[in-house]
Every structure is written in structure tokens, then in C-alpha cells.
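Below is model-v7.txt, which holds compact mmCIF, C-alpha atoms.
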# COMPACT_ATOMS: atom_id res chain seq x y z
CA MET A 1 120.73 -93.85 3.67
CA ARG A 2 120.27 -90.16 2.88
CA ARG A 3 124.00 -89.78 2.29
CA VAL A 4 124.01 -92.61 -0.21
CA ALA A 5 121.07 -91.05 -2.06
CA LEU A 6 122.83 -87.66 -2.09
CA ILE A 7 126.05 -89.16 -3.43
CA LEU A 8 124.13 -91.04 -6.14
CA ALA A 9 122.25 -87.87 -7.08
CA LEU A 10 125.50 -85.90 -7.39
CA PHE A 11 127.44 -88.66 -9.15
CA PRO A 12 126.69 -87.51 -12.73
CA ALA A 13 127.81 -83.97 -11.88
CA LEU A 14 130.97 -85.26 -10.21
CA ALA A 15 131.73 -87.53 -13.14
CA PHE A 16 131.25 -84.64 -15.57
CA ALA A 17 133.53 -82.35 -13.54
CA ALA A 18 136.24 -85.01 -13.35
CA ALA A 19 136.06 -85.72 -17.09
CA GLN A 20 137.45 -82.38 -18.27
CA LYS A 21 139.71 -82.81 -21.24
CA PRO A 22 143.35 -81.84 -20.76
CA CYS A 23 144.80 -78.99 -22.75
CA VAL A 24 146.73 -79.82 -25.91
CA THR A 25 149.82 -78.12 -27.25
CA ALA A 26 149.69 -75.67 -30.12
CA ASP A 27 151.23 -78.29 -32.44
CA GLU A 28 148.54 -80.83 -31.54
CA ALA A 29 145.82 -78.18 -31.97
CA THR A 30 146.73 -77.79 -35.66
CA LYS A 31 145.27 -81.28 -36.20
CA LEU A 32 142.00 -80.43 -34.41
CA VAL A 33 140.49 -77.92 -36.86
CA ASN A 34 136.83 -77.04 -36.12
CA LYS A 35 137.03 -78.58 -32.65
CA ASP A 36 136.48 -76.82 -29.33
CA VAL A 37 139.70 -77.45 -27.40
CA CYS A 38 141.87 -76.07 -24.65
CA VAL A 39 145.32 -75.09 -25.91
CA THR A 40 148.32 -74.63 -23.66
CA ALA A 41 150.98 -72.35 -25.07
CA HIS A 42 153.83 -70.08 -24.11
CA ILE A 43 153.25 -66.49 -25.25
CA TYR A 44 156.52 -65.16 -26.62
CA ASP A 45 155.18 -61.83 -27.82
CA VAL A 46 152.00 -59.81 -28.35
CA VAL A 47 151.89 -58.15 -31.78
CA GLU A 48 149.40 -55.37 -32.50
CA LEU A 49 148.58 -54.31 -36.05
CA PRO A 50 147.67 -50.70 -36.96
CA ASN A 51 143.99 -51.71 -37.28
CA GLY A 52 143.91 -52.90 -33.63
CA THR A 53 144.04 -56.65 -34.29
CA ARG A 54 146.32 -58.37 -31.79
CA TYR A 55 148.19 -61.66 -32.19
CA LEU A 56 149.59 -63.82 -29.42
CA ASP A 57 152.83 -65.23 -30.81
CA VAL A 58 153.10 -68.83 -29.61
CA CYS A 59 156.16 -69.74 -31.69
CA ALA A 60 159.70 -69.39 -30.39
CA PRO A 61 161.69 -66.45 -31.84
CA GLU A 62 164.08 -68.81 -33.64
CA THR A 63 161.14 -70.48 -35.47
CA PRO A 64 160.71 -69.03 -38.99
CA ASP A 65 157.28 -67.56 -39.69
CA GLU A 66 156.47 -70.13 -42.39
CA ARG A 67 157.05 -72.97 -39.89
CA CYS A 68 154.77 -71.45 -37.24
CA ARG A 69 151.53 -73.40 -37.76
CA PHE A 70 149.31 -71.96 -34.97
CA THR A 71 148.25 -68.48 -33.87
CA ILE A 72 145.84 -66.83 -31.44
CA VAL A 73 144.17 -63.65 -32.70
CA SER A 74 142.05 -61.03 -30.92
CA MET A 75 140.01 -58.61 -33.03
CA PHE A 76 139.74 -54.89 -32.33
CA GLU A 77 136.00 -55.06 -31.60
CA ASP A 78 136.66 -57.57 -28.79
CA ARG A 79 139.22 -55.38 -27.02
CA ASP A 80 136.88 -54.44 -24.14
CA GLN A 81 135.93 -58.07 -23.40
CA VAL A 82 139.46 -59.46 -23.77
CA GLY A 83 141.36 -56.76 -21.92
CA GLU A 84 145.09 -56.10 -21.89
CA LEU A 85 147.09 -58.89 -23.53
CA ARG A 86 150.64 -57.62 -22.95
CA LYS A 87 150.49 -58.99 -19.40
CA TYR A 88 150.59 -62.52 -20.88
CA ARG A 89 153.95 -61.96 -22.59
CA ASP A 90 156.52 -64.59 -21.46
CA MET A 91 153.81 -66.62 -19.71
CA ASP A 92 152.29 -70.06 -20.19
CA VAL A 93 148.54 -69.80 -20.76
CA HIS A 94 145.56 -72.08 -21.31
CA VAL A 95 143.07 -70.78 -23.88
CA ARG A 96 139.81 -72.46 -24.81
CA GLY A 97 138.19 -71.97 -28.19
CA ILE A 98 137.45 -73.42 -31.59
CA VAL A 99 140.47 -74.07 -33.80
CA ARG A 100 139.86 -72.57 -37.24
CA PRO A 101 141.88 -72.53 -40.47
CA MET A 102 143.48 -69.06 -40.88
CA HIS A 103 145.53 -68.14 -43.94
CA GLY A 104 147.34 -71.45 -44.30
CA ARG A 105 147.69 -72.19 -40.59
CA ALA A 106 145.44 -73.08 -37.69
CA GLY A 107 144.33 -70.46 -35.23
CA MET A 108 141.96 -69.54 -32.47
CA VAL A 109 139.99 -66.33 -32.02
CA LEU A 110 140.26 -64.88 -28.54
CA SER A 111 137.04 -62.89 -28.05
CA HIS A 112 136.56 -62.90 -24.25
CA ALA A 113 138.87 -63.03 -21.22
CA ARG A 114 136.96 -66.01 -19.81
CA GLN A 115 138.62 -68.16 -22.49
CA PHE A 116 141.79 -68.01 -20.36
CA TYR A 117 139.84 -69.78 -17.58
CA GLY A 118 138.15 -72.48 -19.64
CA GLY A 119 135.07 -70.44 -20.55
CA PRO A 120 133.49 -70.13 -23.98
CA ALA A 121 134.16 -67.48 -26.57
CA LYS A 122 131.83 -64.52 -26.99
CA PHE A 123 128.52 -65.48 -28.60
CA ARG A 124 128.11 -64.14 -32.09
CA PRO A 125 124.74 -64.71 -33.73
CA ASN A 126 124.73 -66.13 -37.23
CA PRO A 127 123.83 -63.21 -39.52
CA LYS A 128 122.12 -65.57 -41.97
CA LEU A 129 119.67 -66.64 -39.27
CA ILE A 130 118.73 -63.13 -38.15
CA ARG A 131 118.20 -61.78 -41.66
CA GLY A 132 115.13 -59.59 -41.82
CA PHE A 133 114.80 -59.19 -38.07
CA GLY A 134 114.54 -55.81 -36.47
CA ALA A 135 113.05 -54.82 -33.15
CA ASP A 136 111.30 -51.90 -34.80
CA GLU A 137 109.45 -54.14 -37.27
CA SER A 138 105.92 -55.30 -36.58
CA ARG A 139 106.31 -58.62 -38.36
CA PRO A 140 107.95 -61.67 -36.76
CA ALA A 141 111.52 -62.65 -37.63
CA ILE A 142 110.47 -66.01 -39.01
CA GLY A 143 107.88 -66.88 -41.62
CA ASP A 144 105.62 -69.09 -39.50
CA PRO A 145 102.71 -70.33 -41.65
CA ASN A 146 100.51 -70.45 -38.56
CA LEU A 147 100.81 -66.70 -38.22
CA ARG A 148 99.66 -65.95 -41.78
CA SER A 149 96.08 -65.58 -42.85
CA GLN A 150 94.89 -68.66 -44.69
CA GLY A 151 93.11 -67.15 -47.60
CA GLY A 152 90.55 -64.40 -47.24
CA ARG A 153 89.48 -62.58 -44.16
CA ARG A 154 88.56 -64.93 -41.37
CA ALA A 155 86.10 -64.26 -38.63
CA PHE A 156 84.37 -66.30 -35.98
CA MET A 157 81.56 -67.10 -38.36
CA ASN A 158 81.94 -66.46 -42.04
CA SER A 159 78.90 -65.46 -44.04
CA HIS A 160 79.12 -68.86 -45.72
CA ASP A 161 78.92 -70.68 -42.42
CA GLN A 162 75.84 -68.96 -41.05
CA GLU A 163 72.84 -71.07 -40.30
CA ALA A 164 69.52 -70.27 -41.84
CA LYS A 165 67.22 -68.39 -39.55
CA PRO A 166 64.03 -70.27 -38.66
CA ALA A 167 60.91 -68.94 -40.31
CA LYS A 168 58.42 -67.21 -38.09
Give the structure from this file in C-alpha cells form.
Amino acid sequence: MRRVALILALFPALAFAAAQKPCVTADEATKLVNKDVCVTAHIYDVVELPNGTRYLDVCAPETPDERCRFTIVSMFEDRDQVGELRKYRDMDVHVRGIVRPMHGRAGMVLSHARQFYGGPAKFRPNPKLIRGFGADESRPAIGDPNLRSQGGRRAFMNSHDQEAKPAK
């Protein structure tokens, strides 16, 4: 009976683990813009620009550049988290991330090495949400009305709320 209860308790976790979505090809990924997907691709070349941005070329050498509809890009500031990319040249890889429109084609930003193993991209906070926040500031990051004074100075008993003293 305990085994049955254990199996039933683990069933949702087992069902979730078995329901992983398969990777799609780079051509299929172009139709999944703004979706978090796993892309399987062959890396033909790794191109590095002078500013440190690196591109994983997933199109065959005989494919003209204007017909290549998907790219994987790694920014210079993510170099430490991504690591060396030249080792993936002439390899088939699986990369997980969000497909975004990039200069007339679809692409994926590679910001952490764990994306090669099905993990998420590096977390980047939304700068619009953290506006006005600084650890050195004494005020809170959000304008919570419960934290503001509600009018004048408040005390436990205002002078208006005091009871009249009994006459002696």
C-alpha cells in the first residue's frame, strides 16, 4: 500500500518529466517568435565581430546570407557565462531560449552555457521595473501608499483625540 501511495505522489513529477517538448529545427523555430523553445542545429561556423559579439552560423555554407532565416548570437558581456564557443564548430547542438525577431530574421540570444543543456537563459531584470531603486537610498523602490504618511504628523494619540481630564 505504501508503494502505491508513493507512486501516486510522484506521478505528477514523472508526468512532467516525461512531457518535455522535443527540439525543433532552426527552420521551424522561425515560426515560433517570442516562444521559449529548444532548437536543434548544426553549427557550421562561429563568427566573432570586433566588438566581441559572437554568432553561431547554423546555415550551410552554400546557403546565401539573405536566405538564412535563423541565427544564434552571444553578446560580449555574456562571454564569461557562455564560455568558449569554437568547440561547437561542426557539431549538432540543442539550445534552449526565446526566439526573437532580429534584423529581418529570427534569432536566439545565448547568454549562459546551461542553455546547451536545456536550462534557461541568464536572468536580466527589466530596467523599467527597477527604475529609481538603489541600495544606497533610504526610500523603498516602490511607491507603496501604506508606507507614506497620511496627512500630518501622526502619533499614538493626536491632540485632537485626547479625552478631557476629569475635574477635581
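Reported to one decimal place, the separation of CA of Asp65 (chain A) from CA of Tyr88 (chain A) is 20.6 Å.
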Next item on the list: Give me, please, the distance in Å between CA of Asp36 (chain A) and CA of Leu49 (chain A), quoted to one decimal.
Entry: 26.4 Å
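Residues in contact range of Met108 (chain A), defined as at most 9 Å between all atoms listed in the file, with sequence neighbours fewer than 6 positions away removed, read A:Phe70, A:Thr71, A:Ile72, A:Val73, A:Ser74, A:Val95, A:Arg96, A:Gly97, A:Ile98, A:Val99, A:Arg100, A:Pro101, A:Met102.
Using all atoms listed in the file, the nearest neighbour of Tyr55 (chain A) within the list A:His112, A:His94, A:Arg86, A:Lys122 is A:Arg86.
The two atoms in question, CA of Arg89 (chain A) and CA of Ala113 (chain A), are spaced 15.2 Å apart.
Using only C-alpha atoms, the nearest neighbour of Gly52 (chain A) within the list A:Asp92, A:Glu84, A:Glu77, A:Asp27 is A:Glu77.
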Item checked: Best match for closeness to Leu110 (chain A) among A:Gly83, A:Pro125, A:Tyr44, A:Asp90, counting all atoms listed in the file -> A:Gly83
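With distances restricted to all atoms listed in the file, A:Gly118 is the closest residue to Lys21 (chain A) from A:Gly118, A:Ile43, A:Ala167, A:Asp78.
Summary of the local environment: counting only C-alpha atoms, residues at most 9 Å from Pro22 (chain A), other than itself and those fewer than 4 positions away along its chain, are Val37, Cys38 and Val39 of chain A.
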Would you save the residues of that selection, restricted to C-alpha atoms, as a short mmCIF file (atom, residue, chain, number, x, y, z; two decimals), in the frame of the given file?
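Okay, this is what ended up in selection00.cif:
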data_model
loop_
_atom_site.label_atom_id
_atom_site.label_comp_id
_atom_site.auth_asym_id
_atom_site.auth_seq_id
_atom_site.Cartn_x
_atom_site.Cartn_y
_atom_site.Cartn_z
CA VAL A 37 139.70 -77.45 -27.40
CA CYS A 38 141.87 -76.07 -24.65
CA VAL A 39 145.32 -75.09 -25.91
#
Within 6 Å of file point (146.1, -53.1, -30.6), counting all atoms listed in the file, expressed as a compact mmCIF listing (two decimals) with C-alpha atoms, in the frame of the given file:
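The resulting file, out_23.txt, is reproduced below:
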# COMPACT_ATOMS: atom_id res chain seq x y z
CA GLU A 48 149.40 -55.37 -32.50
CA GLY A 52 143.91 -52.90 -33.63
CA THR A 53 144.04 -56.65 -34.29
CA ARG A 54 146.32 -58.37 -31.79
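Proximity of A:Lys87, A:Arg67, A:Arg105, A:Lys31 to Asp45 (chain A), computed with only C-alpha atoms, is greatest for A:Lys87.
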